[in-house]
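Colleague: Handing over run32.pdb, PDB, C-alpha atoms and all ligand atoms.
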MODEL        1
ATOM      1  CA  MET A   1      29.435  40.181  -3.323  1.00  0.00           C
ATOM      2  CA  PRO A   2      30.431  37.305  -5.623  1.00  0.00           C
ATOM      3  CA  PHE A   3      31.010  33.903  -4.006  1.00  0.00           C
ATOM      4  CA  ILE A   4      34.489  32.597  -4.825  1.00  0.00           C
ATOM      5  CA  ILE A   5      35.576  28.965  -4.837  1.00  0.00           C
ATOM      6  CA  ALA A   6      39.377  28.587  -4.961  1.00  0.00           C
ATOM      7  CA  ILE A   7      40.720  25.202  -6.051  1.00  0.00           C
ATOM      8  CA  ASP A   8      44.381  24.236  -6.108  1.00  0.00           C
ATOM      9  CA  GLY A   9      46.319  21.022  -6.448  1.00  0.00           C
ATOM     10  CA  PRO A  10      49.016  19.193  -8.386  1.00  0.00           C
ATOM     11  CA  ALA A  11      48.749  18.215 -12.044  1.00  0.00           C
ATOM     12  CA  ALA A  12      45.980  15.806 -13.070  1.00  0.00           C
ATOM     13  CA  SER A  13      44.582  15.578  -9.527  1.00  0.00           C
ATOM     14  CA  GLY A  14      41.056  16.197 -10.827  1.00  0.00           C
ATOM     15  CA  LYS A  15      40.721  19.851  -9.822  1.00  0.00           C
ATOM     16  CA  GLY A  16      39.530  20.970 -13.269  1.00  0.00           C
ATOM     17  CA  THR A  17      36.883  18.244 -13.341  1.00  0.00           C
ATOM     18  CA  ILE A  18      35.628  19.330  -9.917  1.00  0.00           C
ATOM     19  CA  ALA A  19      35.846  23.041 -10.747  1.00  0.00           C
ATOM     20  CA  ARG A  20      33.751  22.643 -13.915  1.00  0.00           C
ATOM     21  CA  ALA A  21      31.157  20.572 -12.061  1.00  0.00           C
ATOM     22  CA  LEU A  22      30.896  23.062  -9.183  1.00  0.00           C
ATOM     23  CA  ALA A  23      30.486  25.951 -11.610  1.00  0.00           C
ATOM     24  CA  ALA A  24      27.693  24.103 -13.432  1.00  0.00           C
ATOM     25  CA  HIS A  25      26.009  23.075 -10.147  1.00  0.00           C
ATOM     26  CA  PHE A  26      26.004  26.553  -8.598  1.00  0.00           C
ATOM     27  CA  GLY A  27      25.656  28.581 -11.808  1.00  0.00           C
ATOM     28  CA  PHE A  28      29.079  30.212 -11.347  1.00  0.00           C
ATOM     29  CA  HIS A  29      31.744  31.251 -13.871  1.00  0.00           C
ATOM     30  CA  HIS A  30      34.769  28.977 -14.222  1.00  0.00           C
ATOM     31  CA  LEU A  31      38.389  29.790 -15.059  1.00  0.00           C
ATOM     32  CA  ASP A  32      41.069  27.135 -15.578  1.00  0.00           C
ATOM     33  CA  THR A  33      44.031  29.380 -14.743  1.00  0.00           C
ATOM     34  CA  GLY A  34      46.506  26.755 -15.976  1.00  0.00           C
ATOM     35  CA  LEU A  35      45.361  27.641 -19.478  1.00  0.00           C
ATOM     36  CA  LEU A  36      46.752  31.171 -19.046  1.00  0.00           C
ATOM     37  CA  TYR A  37      50.223  29.803 -18.297  1.00  0.00           C
ATOM     38  CA  ARG A  38      49.965  27.189 -21.045  1.00  0.00           C
ATOM     39  CA  ALA A  39      49.004  29.882 -23.567  1.00  0.00           C
ATOM     40  CA  VAL A  40      51.907  32.140 -22.518  1.00  0.00           C
ATOM     41  CA  GLY A  41      54.359  29.222 -22.803  1.00  0.00           C
ATOM     42  CA  ALA A  42      52.995  28.257 -26.220  1.00  0.00           C
ATOM     43  CA  LYS A  43      53.323  31.777 -27.621  1.00  0.00           C
ATOM     44  CA  GLY A  44      57.119  31.551 -27.465  1.00  0.00           C
ATOM     45  CA  GLY A  45      59.433  34.559 -27.473  1.00  0.00           C
ATOM     46  CA  ASP A  46      59.755  36.717 -24.378  1.00  0.00           C
ATOM     47  CA  PRO A  47      57.321  35.205 -21.829  1.00  0.00           C
ATOM     48  CA  VAL A  48      56.832  38.483 -19.956  1.00  0.00           C
ATOM     49  CA  ALA A  49      55.814  40.271 -23.158  1.00  0.00           C
ATOM     50  CA  ALA A  50      53.611  37.277 -24.093  1.00  0.00           C
ATOM     51  CA  ALA A  51      51.847  37.443 -20.715  1.00  0.00           C
ATOM     52  CA  ARG A  52      51.320  41.205 -20.987  1.00  0.00           C
ATOM     53  CA  THR A  53      49.737  40.869 -24.440  1.00  0.00           C
ATOM     54  CA  LEU A  54      47.746  37.660 -23.839  1.00  0.00           C
ATOM     55  CA  GLU A  55      44.368  37.670 -25.591  1.00  0.00           C
ATOM     56  CA  LYS A  56      41.269  35.484 -25.260  1.00  0.00           C
ATOM     57  CA  THR A  57      41.959  33.868 -28.655  1.00  0.00           C
ATOM     58  CA  ASP A  58      45.359  32.633 -27.355  1.00  0.00           C
ATOM     59  CA  LEU A  59      43.443  30.429 -24.913  1.00  0.00           C
ATOM     60  CA  SER A  60      41.754  28.415 -27.660  1.00  0.00           C
ATOM     61  CA  ARG A  61      44.918  27.127 -29.351  1.00  0.00           C
ATOM     62  CA  PRO A  62      44.434  23.398 -30.018  1.00  0.00           C
ATOM     63  CA  ASP A  63      47.855  22.324 -28.681  1.00  0.00           C
ATOM     64  CA  LEU A  64      47.563  23.672 -25.125  1.00  0.00           C
ATOM     65  CA  ARG A  65      46.638  20.367 -23.438  1.00  0.00           C
ATOM     66  CA  SER A  66      49.774  18.461 -24.446  1.00  0.00           C
ATOM     67  CA  ALA A  67      52.447  17.368 -21.953  1.00  0.00           C
ATOM     68  CA  GLU A  68      54.933  19.636 -23.756  1.00  0.00           C
ATOM     69  CA  ALA A  69      52.668  22.660 -23.266  1.00  0.00           C
ATOM     70  CA  GLY A  70      52.386  21.731 -19.565  1.00  0.00           C
ATOM     71  CA  GLN A  71      56.165  21.650 -19.191  1.00  0.00           C
ATOM     72  CA  ALA A  72      56.599  24.973 -21.001  1.00  0.00           C
ATOM     73  CA  ALA A  73      53.874  26.470 -18.793  1.00  0.00           C
ATOM     74  CA  SER A  74      55.544  25.398 -15.568  1.00  0.00           C
ATOM     75  CA  ARG A  75      58.887  26.899 -16.677  1.00  0.00           C
ATOM     76  CA  ILE A  76      57.468  30.341 -17.489  1.00  0.00           C
ATOM     77  CA  ALA A  77      55.174  30.173 -14.409  1.00  0.00           C
ATOM     78  CA  ALA A  78      58.246  30.509 -12.188  1.00  0.00           C
ATOM     79  CA  ILE A  79      58.931  34.030 -13.548  1.00  0.00           C
ATOM     80  CA  PRO A  80      57.465  36.611 -11.109  1.00  0.00           C
ATOM     81  CA  GLU A  81      56.801  39.211 -13.881  1.00  0.00           C
ATOM     82  CA  VAL A  82      54.752  36.648 -15.832  1.00  0.00           C
ATOM     83  CA  ARG A  83      52.606  35.918 -12.777  1.00  0.00           C
ATOM     84  CA  ALA A  84      52.200  39.645 -12.079  1.00  0.00           C
ATOM     85  CA  ALA A  85      51.025  40.260 -15.655  1.00  0.00           C
ATOM     86  CA  LEU A  86      48.259  37.653 -15.254  1.00  0.00           C
ATOM     87  CA  LEU A  87      46.967  38.919 -11.899  1.00  0.00           C
ATOM     88  CA  ALA A  88      44.513  41.596 -13.070  1.00  0.00           C
ATOM     89  CA  PHE A  89      42.719  39.228 -15.473  1.00  0.00           C
ATOM     90  CA  GLN A  90      42.244  36.639 -12.713  1.00  0.00           C
ATOM     91  CA  HIS A  91      41.019  39.231 -10.199  1.00  0.00           C
ATOM     92  CA  ARG A  92      38.527  40.621 -12.726  1.00  0.00           C
ATOM     93  CA  PHE A  93      37.282  37.112 -13.460  1.00  0.00           C
ATOM     94  CA  ALA A  94      36.870  36.345  -9.757  1.00  0.00           C
ATOM     95  CA  GLY A  95      34.767  39.497  -9.330  1.00  0.00           C
ATOM     96  CA  GLN A  96      31.901  38.301 -11.501  1.00  0.00           C
ATOM     97  CA  GLU A  97      28.426  37.808 -10.050  1.00  0.00           C
ATOM     98  CA  PRO A  98      26.971  35.552  -8.808  1.00  0.00           C
ATOM     99  CA  GLY A  99      30.253  33.733  -8.227  1.00  0.00           C
ATOM    100  CA  ALA A 100      33.347  32.180  -9.734  1.00  0.00           C
ATOM    101  CA  VAL A 101      35.340  28.990  -9.481  1.00  0.00           C
ATOM    102  CA  LEU A 102      39.043  29.339 -10.274  1.00  0.00           C
ATOM    103  CA  ASP A 103      41.408  26.371 -10.344  1.00  0.00           C
ATOM    104  CA  GLY A 104      45.190  26.425 -10.443  1.00  0.00           C
ATOM    105  CA  ARG A 105      48.175  26.364  -8.104  1.00  0.00           C
ATOM    106  CA  ASP A 106      47.992  29.659  -6.172  1.00  0.00           C
ATOM    107  CA  ILE A 107      44.306  30.538  -6.128  1.00  0.00           C
ATOM    108  CA  GLY A 108      43.724  30.037  -2.387  1.00  0.00           C
ATOM    109  CA  THR A 109      47.152  31.354  -1.382  1.00  0.00           C
ATOM    110  CA  VAL A 110      47.734  34.364  -3.684  1.00  0.00           C
ATOM    111  CA  ILE A 111      44.924  35.172  -6.141  1.00  0.00           C
ATOM    112  CA  CYS A 112      41.870  34.850  -3.854  1.00  0.00           C
ATOM    113  CA  PRO A 113      43.159  34.371  -0.293  1.00  0.00           C
ATOM    114  CA  GLY A 114      39.826  35.612   1.085  1.00  0.00           C
ATOM    115  CA  ALA A 115      37.713  33.027  -0.772  1.00  0.00           C
ATOM    116  CA  PRO A 116      35.124  31.469   1.551  1.00  0.00           C
ATOM    117  CA  VAL A 117      35.765  28.026   0.043  1.00  0.00           C
ATOM    118  CA  LYS A 118      39.257  26.712  -0.634  1.00  0.00           C
ATOM    119  CA  LEU A 119      39.787  23.176  -1.834  1.00  0.00           C
ATOM    120  CA  TYR A 120      43.131  21.453  -2.261  1.00  0.00           C
ATOM    121  CA  VAL A 121      42.520  18.531  -4.601  1.00  0.00           C
ATOM    122  CA  THR A 122      45.147  15.808  -4.676  1.00  0.00           C
ATOM    123  CA  ALA A 123      45.705  12.144  -5.590  1.00  0.00           C
ATOM    124  CA  SER A 124      48.657   9.754  -5.520  1.00  0.00           C
ATOM    125  CA  ASP A 125      51.320  10.209  -8.192  1.00  0.00           C
ATOM    126  CA  GLN A 126      50.516   6.788  -9.695  1.00  0.00           C
ATOM    127  CA  VAL A 127      46.791   7.449  -9.924  1.00  0.00           C
ATOM    128  CA  ARG A 128      47.360  10.854 -11.508  1.00  0.00           C
ATOM    129  CA  ALA A 129      49.776   9.425 -14.047  1.00  0.00           C
ATOM    130  CA  GLN A 130      47.309   6.670 -14.989  1.00  0.00           C
ATOM    131  CA  ARG A 131      44.495   9.188 -15.443  1.00  0.00           C
ATOM    132  CA  ARG A 132      46.595  11.566 -17.540  1.00  0.00           C
ATOM    133  CA  ALA A 133      47.938   8.666 -19.650  1.00  0.00           C
ATOM    134  CA  ALA A 134      44.395   7.470 -20.330  1.00  0.00           C
ATOM    135  CA  GLU A 135      43.304  11.005 -21.228  1.00  0.00           C
ATOM    136  CA  LEU A 136      46.179  11.685 -23.643  1.00  0.00           C
ATOM    137  CA  GLY A 137      46.650   8.106 -24.903  1.00  0.00           C
ATOM    138  CA  ALA A 138      50.208   8.269 -23.559  1.00  0.00           C
ATOM    139  CA  ASP A 139      52.601   5.950 -21.676  1.00  0.00           C
ATOM    140  CA  PRO A 140      51.856   5.988 -17.890  1.00  0.00           C
ATOM    141  CA  VAL A 141      55.572   5.701 -17.048  1.00  0.00           C
ATOM    142  CA  LEU A 142      56.393   8.775 -19.126  1.00  0.00           C
ATOM    143  CA  MET A 143      53.386  10.610 -17.669  1.00  0.00           C
ATOM    144  CA  LEU A 144      54.550   9.808 -14.122  1.00  0.00           C
ATOM    145  CA  ALA A 145      57.975  11.342 -14.813  1.00  0.00           C
ATOM    146  CA  GLU A 146      56.358  14.366 -16.491  1.00  0.00           C
ATOM    147  CA  LEU A 147      53.945  15.038 -13.612  1.00  0.00           C
ATOM    148  CA  GLN A 148      56.609  14.594 -10.952  1.00  0.00           C
ATOM    149  CA  GLU A 149      59.014  16.976 -12.695  1.00  0.00           C
ATOM    150  CA  ARG A 150      56.285  19.597 -13.112  1.00  0.00           C
ATOM    151  CA  ASP A 151      55.029  19.239  -9.525  1.00  0.00           C
ATOM    152  CA  ARG A 152      58.572  19.586  -8.158  1.00  0.00           C
ATOM    153  CA  ARG A 153      59.119  22.792 -10.176  1.00  0.00           C
ATOM    154  CA  ASP A 154      55.715  24.152  -9.108  1.00  0.00           C
ATOM    155  CA  ARG A 155      56.340  23.360  -5.411  1.00  0.00           C
ATOM    156  CA  GLU A 156      59.916  24.624  -5.267  1.00  0.00           C
ATOM    157  CA  ARG A 157      59.640  27.960  -7.090  1.00  0.00           C
ATOM    158  CA  ALA A 158      60.104  31.065  -4.964  1.00  0.00           C
ATOM    159  CA  THR A 159      57.006  32.934  -6.175  1.00  0.00           C
ATOM    160  CA  ALA A 160      53.520  31.534  -5.500  1.00  0.00           C
ATOM    161  CA  PRO A 161      54.614  27.912  -5.012  1.00  0.00           C
ATOM    162  CA  LEU A 162      52.041  25.129  -5.088  1.00  0.00           C
ATOM    163  CA  ARG A 163      50.856  24.448  -1.534  1.00  0.00           C
ATOM    164  CA  PRO A 164      47.527  24.169   0.270  1.00  0.00           C
ATOM    165  CA  ALA A 165      46.231  27.344   1.884  1.00  0.00           C
ATOM    166  CA  GLU A 166      46.167  26.962   5.672  1.00  0.00           C
ATOM    167  CA  ASP A 167      42.368  26.921   5.692  1.00  0.00           C
ATOM    168  CA  ALA A 168      41.925  24.719   2.612  1.00  0.00           C
ATOM    169  CA  VAL A 169      39.858  21.527   2.749  1.00  0.00           C
ATOM    170  CA  VAL A 170      42.036  18.732   1.352  1.00  0.00           C
ATOM    171  CA  LEU A 171      40.217  16.339  -0.984  1.00  0.00           C
ATOM    172  CA  ASP A 172      42.198  13.227  -1.944  1.00  0.00           C
ATOM    173  CA  THR A 173      40.522  11.759  -5.017  1.00  0.00           C
ATOM    174  CA  SER A 174      42.834   8.701  -5.352  1.00  0.00           C
ATOM    175  CA  ASN A 175      40.062   6.299  -4.407  1.00  0.00           C
ATOM    176  CA  LEU A 176      37.046   8.379  -5.419  1.00  0.00           C
ATOM    177  CA  THR A 177      35.013   8.158  -8.597  1.00  0.00           C
ATOM    178  CA  ILE A 178      34.421  11.447 -10.395  1.00  0.00           C
ATOM    179  CA  THR A 179      30.817  11.425  -9.131  1.00  0.00           C
ATOM    180  CA  ASP A 180      31.896  10.903  -5.511  1.00  0.00           C
ATOM    181  CA  ALA A 181      34.643  13.542  -5.720  1.00  0.00           C
ATOM    182  CA  ILE A 182      32.161  16.104  -7.052  1.00  0.00           C
ATOM    183  CA  ALA A 183      29.576  15.184  -4.379  1.00  0.00           C
ATOM    184  CA  ARG A 184      32.154  15.795  -1.641  1.00  0.00           C
ATOM    185  CA  ALA A 185      33.129  19.142  -3.137  1.00  0.00           C
ATOM    186  CA  VAL A 186      29.465  20.198  -3.425  1.00  0.00           C
ATOM    187  CA  ALA A 187      28.980  19.274   0.258  1.00  0.00           C
ATOM    188  CA  VAL A 188      31.935  21.482   1.261  1.00  0.00           C
ATOM    189  CA  VAL A 189      30.461  24.442  -0.644  1.00  0.00           C
ATOM    190  CA  ASP A 190      26.952  23.825   0.721  1.00  0.00           C
ATOM    191  CA  ARG A 191      28.334  23.855   4.271  1.00  0.00           C
ATOM    192  CA  ALA A 192      30.157  27.136   3.663  1.00  0.00           C
ATOM    193  CA  ARG A 193      27.097  28.794   2.135  1.00  0.00           C
ATOM    194  CA  GLY A 194      25.010  27.778   5.131  1.00  0.00           C
TER     195      GLY A 194
HETATM  196  N1  LIG A 201      38.000  11.033  -9.383  1.00  0.00           N
HETATM  197  C1  LIG A 201      38.411  10.695 -10.606  1.00  0.00           C
HETATM  198  N2  LIG A 201      38.414   9.410 -11.001  1.00  0.00           N
HETATM  199  C2  LIG A 201      38.856   9.045 -12.226  1.00  0.00           C
HETATM  200  N3  LIG A 201      39.298   9.904 -13.156  1.00  0.00           N
HETATM  201  C3  LIG A 201      39.320  11.208 -12.829  1.00  0.00           C
HETATM  202  C4  LIG A 201      38.884  11.673 -11.556  1.00  0.00           C
HETATM  203  N4  LIG A 201      38.998  13.025 -11.537  1.00  0.00           N
HETATM  204  C5  LIG A 201      39.503  13.387 -12.723  1.00  0.00           C
HETATM  205  N5  LIG A 201      39.682  12.299 -13.506  1.00  0.00           N
HETATM  206  C6  LIG A 201      40.251  12.290 -14.864  1.00  0.00           C
HETATM  207  O1  LIG A 201      41.648  12.554 -14.705  1.00  0.00           O
HETATM  208  C7  LIG A 201      42.121  13.412 -15.740  1.00  0.00           C
HETATM  209  C8  LIG A 201      42.727  14.680 -15.108  1.00  0.00           C
HETATM  210  O2  LIG A 201      41.669  15.397 -14.481  1.00  0.00           O
HETATM  211  P1  LIG A 201      41.622  16.987 -14.546  1.00  0.00           P
HETATM  212  O3  LIG A 201      41.889  17.471 -15.924  1.00  0.00           O
HETATM  213  O4  LIG A 201      40.367  17.391 -13.864  1.00  0.00           O
HETATM  214  O5  LIG A 201      42.877  17.317 -13.620  1.00  0.00           O
HETATM  215  P2  LIG A 201      43.533  18.715 -13.310  1.00  0.00           P
HETATM  216  O6  LIG A 201      43.976  18.642 -11.897  1.00  0.00           O
HETATM  217  O7  LIG A 201      42.614  19.821 -13.688  1.00  0.00           O
HETATM  218  O8  LIG A 201      44.788  18.667 -14.302  1.00  0.00           O
HETATM  219  P3  LIG A 201      45.732  19.863 -14.812  1.00  0.00           P
HETATM  220  O9  LIG A 201      46.321  20.507 -13.610  1.00  0.00           O
HETATM  221  O10 LIG A 201      46.818  19.206 -15.594  1.00  0.00           O
HETATM  222  O11 LIG A 201      44.876  20.812 -15.602  1.00  0.00           O
HETATM  223  C9  LIG A 201      40.922  13.679 -16.667  1.00  0.00           C
HETATM  224  O12 LIG A 201      40.973  12.760 -17.719  1.00  0.00           O
HETATM  225  C10 LIG A 201      39.712  13.390 -15.764  1.00  0.00           C
HETATM  226  O13 LIG A 201      38.581  12.940 -16.490  1.00  0.00           O
HETATM  227  N1  LIG A 202      47.403  29.186 -10.971  1.00  0.00           N
HETATM  228  C1  LIG A 202      48.322  28.509 -11.698  1.00  0.00           C
HETATM  229  C2  LIG A 202      47.957  27.628 -12.706  1.00  0.00           C
HETATM  230  C3  LIG A 202      48.931  26.980 -13.426  1.00  0.00           C
HETATM  231  N2  LIG A 202      50.230  27.238 -13.167  1.00  0.00           N
HETATM  232  C4  LIG A 202      51.289  26.649 -13.964  1.00  0.00           C
HETATM  233  O1  LIG A 202      50.824  26.188 -15.231  1.00  0.00           O
HETATM  234  C5  LIG A 202      51.141  24.814 -15.422  1.00  0.00           C
HETATM  235  C6  LIG A 202      50.022  24.185 -16.207  1.00  0.00           C
HETATM  236  O2  LIG A 202      48.851  24.158 -15.405  1.00  0.00           O
HETATM  237  P1  LIG A 202      47.695  23.041 -15.560  1.00  0.00           P
HETATM  238  O3  LIG A 202      46.755  23.313 -14.429  1.00  0.00           O
HETATM  239  O4  LIG A 202      47.069  23.270 -16.889  1.00  0.00           O
HETATM  240  O5  LIG A 202      48.352  21.717 -15.465  1.00  0.00           O
HETATM  241  C7  LIG A 202      51.356  24.260 -14.025  1.00  0.00           C
HETATM  242  O6  LIG A 202      52.227  23.145 -13.985  1.00  0.00           O
HETATM  243  C8  LIG A 202      51.946  25.459 -13.294  1.00  0.00           C
HETATM  244  O7  LIG A 202      53.329  25.560 -13.505  1.00  0.00           O
HETATM  245  C9  LIG A 202      50.573  28.089 -12.155  1.00  0.00           C
HETATM  246  O8  LIG A 202      51.774  28.298 -11.870  1.00  0.00           O
HETATM  247  N3  LIG A 202      49.614  28.725 -11.446  1.00  0.00           N
ENDMDL
END
Written as structure tokens, how would this file's structure read?
Modeller:
Amino acid sequence: MPFIIAIDGPAASGKGTIARALAAHFGFHHLDTGLLYRAVGAKGGDPVAAARTLEKTDLSRPDLRSAEAGQAASRIAAIPEVRAALLAFQHRFAGQEPGAVLDGRDIGTVICPGAPVKLYVTASDQVRAQRRAAELGADPVLMLAELQERDRRDRERATAPLRPAEDAVVLDTSNLTITDAIARAVAVVDRARG
């Protein structure tokens, strides 16, 4: 049976960085599920139709990492039919041997609630805004407003809201270097694998 690592958390908390590193460390597949929502938002038109016809090539559009694409993603992510259309792809991905790391907002709560490792990666709003501003070469004040608006929408939506699974290990990376954050995540997985 494949080993699944479910990682959730708010925007720019470092979950993607940790997910990629865990996948490389353990030789697992990795899916950044945020990309699915970003790609649907970027396609325009009817989001439900866009989600139902999403193709792999849609995920390599060059504009998906922008703040605008993040905002569009979080708007369409609140539509239950969009989320339903993306379920089968995520479940298939999670079923790959020898294991898979999926990061997003509802992986531990909805997509893979039985995952043996669930991490909820977080950091203070200010730290996340600084990191995202440095990454995109953007204004930290604007990034703070952008992240807070997106987090609020993600937490308050009725379907699959952002929240830690009850059995998730919370990892606050506010005062951790990338190396230390990854080391802590590896230790959590090692413990779970025995
Ligand atoms: N512990 C850390 N210390 C310093 N910088 C970090 C740390 N973790 C991640 N970063 C940096 O912060 C930025 C956001 O990290 P990352 O993309 O992993 O976040 P994310 O939670 O996956 O974001 P999103 O939800 O928007 O996809 C990146 O530039 C990354 O290099
Ligand atoms: N499992 C997920 C993943 C993402 N979303 C929504 O997509 C937006 C963009 O995600 P990033 O991880 O790339 O920042 C995010 O704000 C969510 O609205 C989601 O709902 N579920």
Colleague: Can you pull out every residue within 12 Å of Arg20 (chain A), counting only C-alpha atoms, but drop anything in the same chain fewer than 4 positions away, and send it as a VMD selection string?
Modeller: chain A and resid 5 7 14 to 16 24 to 32 100 to 103 178 182 185 to 186
Colleague: Store the residues picked out above in a file with C-alpha atoms, as a compact mmCIF listing (two decimals), in the coordinates of the input.
Modeller:
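In the end it all went to out-v7.txt:
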# COMPACT_ATOMS: atom_id res chain seq x y z
CA ILE A 5 35.58 28.96 -4.84
CA ILE A 7 40.72 25.20 -6.05
CA GLY A 14 41.06 16.20 -10.83
CA LYS A 15 40.72 19.85 -9.82
CA GLY A 16 39.53 20.97 -13.27
CA ALA A 24 27.69 24.10 -13.43
CA HIS A 25 26.01 23.08 -10.15
CA PHE A 26 26.00 26.55 -8.60
CA GLY A 27 25.66 28.58 -11.81
CA PHE A 28 29.08 30.21 -11.35
CA HIS A 29 31.74 31.25 -13.87
CA HIS A 30 34.77 28.98 -14.22
CA LEU A 31 38.39 29.79 -15.06
CA ASP A 32 41.07 27.14 -15.58
CA ALA A 100 33.35 32.18 -9.73
CA VAL A 101 35.34 28.99 -9.48
CA LEU A 102 39.04 29.34 -10.27
CA ASP A 103 41.41 26.37 -10.34
CA ILE A 178 34.42 11.45 -10.40
CA ILE A 182 32.16 16.10 -7.05
CA ALA A 185 33.13 19.14 -3.14
CA VAL A 186 29.46 20.20 -3.42
Colleague: Would you kindly return, as a PyMOL selection string, each protein, DNA or RNA residue with an atom no farther than 8 Å from any atom of Glu146 (chain A), considering all atoms listed in the file and excluding same-chain residues fewer than 3 positions away?
Modeller: chain A and resi 67+71+142-143+149-150
Colleague: Just the selected residues (C-alpha atoms), exported as a PDB file, in the frame of the given file, please.
Modeller:
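Saved result, part31.pdb, follows:
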ATOM      1  CA  ALA A  67      52.447  17.368 -21.953  1.00  0.00           C
ATOM      2  CA  GLN A  71      56.165  21.650 -19.191  1.00  0.00           C
ATOM      3  CA  LEU A 142      56.393   8.775 -19.126  1.00  0.00           C
ATOM      4  CA  MET A 143      53.386  10.610 -17.669  1.00  0.00           C
ATOM      5  CA  GLU A 149      59.014  16.976 -12.695  1.00  0.00           C
ATOM      6  CA  ARG A 150      56.285  19.597 -13.112  1.00  0.00           C
TER       7      ARG A 150
END
Colleague: Expressed in Å to a single decimal, how great is the separation between atom O5 of ligand LIG 201 (chain A) and CA of Arg155 (chain A)?
Modeller: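 Between these atoms lies a distance of 16.9 Å.
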Colleague: Which residues are near ligand LIG 201 (chain A) in this structure, taking near to mean any atom at most 10 Å from a ligand atom and counting only C-alpha atoms and all ligand atoms? Format them as a PDB file with C-alpha atoms, keeping the file's coordinate frame.
Modeller:
ATOM      1  CA  ILE A   7      40.720  25.202  -6.051  1.00  0.00           C
ATOM      2  CA  ASP A   8      44.381  24.236  -6.108  1.00  0.00           C
ATOM      3  CA  GLY A   9      46.319  21.022  -6.448  1.00  0.00           C
ATOM      4  CA  PRO A  10      49.016  19.193  -8.386  1.00  0.00           C
ATOM      5  CA  ALA A  11      48.749  18.215 -12.044  1.00  0.00           C
ATOM      6  CA  ALA A  12      45.980  15.806 -13.070  1.00  0.00           C
ATOM      7  CA  SER A  13      44.582  15.578  -9.527  1.00  0.00           C
ATOM      8  CA  GLY A  14      41.056  16.197 -10.827  1.00  0.00           C
ATOM      9  CA  LYS A  15      40.721  19.851  -9.822  1.00  0.00           C
ATOM     10  CA  GLY A  16      39.530  20.970 -13.269  1.00  0.00           C
ATOM     11  CA  THR A  17      36.883  18.244 -13.341  1.00  0.00           C
ATOM     12  CA  ILE A  18      35.628  19.330  -9.917  1.00  0.00           C
ATOM     13  CA  ALA A  19      35.846  23.041 -10.747  1.00  0.00           C
ATOM     14  CA  ARG A  20      33.751  22.643 -13.915  1.00  0.00           C
ATOM     15  CA  ALA A  21      31.157  20.572 -12.061  1.00  0.00           C
ATOM     16  CA  ASP A  32      41.069  27.135 -15.578  1.00  0.00           C
ATOM     17  CA  THR A  33      44.031  29.380 -14.743  1.00  0.00           C
ATOM     18  CA  GLY A  34      46.506  26.755 -15.976  1.00  0.00           C
ATOM     19  CA  LEU A  35      45.361  27.641 -19.478  1.00  0.00           C
ATOM     20  CA  ARG A  38      49.965  27.189 -21.045  1.00  0.00           C
ATOM     21  CA  ARG A  65      46.638  20.367 -23.438  1.00  0.00           C
ATOM     22  CA  SER A  66      49.774  18.461 -24.446  1.00  0.00           C
ATOM     23  CA  ALA A  67      52.447  17.368 -21.953  1.00  0.00           C
ATOM     24  CA  GLY A  70      52.386  21.731 -19.565  1.00  0.00           C
ATOM     25  CA  ASP A 103      41.408  26.371 -10.344  1.00  0.00           C
ATOM     26  CA  GLY A 104      45.190  26.425 -10.443  1.00  0.00           C
ATOM     27  CA  ARG A 105      48.175  26.364  -8.104  1.00  0.00           C
ATOM     28  CA  VAL A 121      42.520  18.531  -4.601  1.00  0.00           C
ATOM     29  CA  THR A 122      45.147  15.808  -4.676  1.00  0.00           C
ATOM     30  CA  ALA A 123      45.705  12.144  -5.590  1.00  0.00           C
ATOM     31  CA  VAL A 127      46.791   7.449  -9.924  1.00  0.00           C
ATOM     32  CA  ARG A 128      47.360  10.854 -11.508  1.00  0.00           C
ATOM     33  CA  ALA A 129      49.776   9.425 -14.047  1.00  0.00           C
ATOM     34  CA  GLN A 130      47.309   6.670 -14.989  1.00  0.00           C
ATOM     35  CA  ARG A 131      44.495   9.188 -15.443  1.00  0.00           C
ATOM     36  CA  ARG A 132      46.595  11.566 -17.540  1.00  0.00           C
ATOM     37  CA  ALA A 133      47.938   8.666 -19.650  1.00  0.00           C
ATOM     38  CA  ALA A 134      44.395   7.470 -20.330  1.00  0.00           C
ATOM     39  CA  GLU A 135      43.304  11.005 -21.228  1.00  0.00           C
ATOM     40  CA  LEU A 136      46.179  11.685 -23.643  1.00  0.00           C
ATOM     41  CA  LEU A 147      53.945  15.038 -13.612  1.00  0.00           C
ATOM     42  CA  ARG A 150      56.285  19.597 -13.112  1.00  0.00           C
ATOM     43  CA  ASP A 151      55.029  19.239  -9.525  1.00  0.00           C
ATOM     44  CA  ASP A 172      42.198  13.227  -1.944  1.00  0.00           C
ATOM     45  CA  THR A 173      40.522  11.759  -5.017  1.00  0.00           C
ATOM     46  CA  SER A 174      42.834   8.701  -5.352  1.00  0.00           C
ATOM     47  CA  ASN A 175      40.062   6.299  -4.407  1.00  0.00           C
ATOM     48  CA  LEU A 176      37.046   8.379  -5.419  1.00  0.00           C
ATOM     49  CA  THR A 177      35.013   8.158  -8.597  1.00  0.00           C
ATOM     50  CA  ILE A 178      34.421  11.447 -10.395  1.00  0.00           C
ATOM     51  CA  THR A 179      30.817  11.425  -9.131  1.00  0.00           C
ATOM     52  CA  ASP A 180      31.896  10.903  -5.511  1.00  0.00           C
ATOM     53  CA  ALA A 181      34.643  13.542  -5.720  1.00  0.00           C
ATOM     54  CA  ILE A 182      32.161  16.104  -7.052  1.00  0.00           C
TER      55      ILE A 182
END
Colleague: I want to know what sits within 12 Å of region 109-113 of chain A, based on all atoms listed in the file, with residues of the same chain fewer than 5 positions away left out; could you give that as JSON, numbers by chain?
Modeller: {"A": [2, 3, 4, 5, 6, 7, 8, 9, 33, 83, 84, 86, 87, 88, 89, 90, 91, 92, 93, 94, 95, 100, 101, 102, 103, 104, 118, 119, 120, 159, 160, 161, 162, 163, 164, 165, 166, 167, 168]}
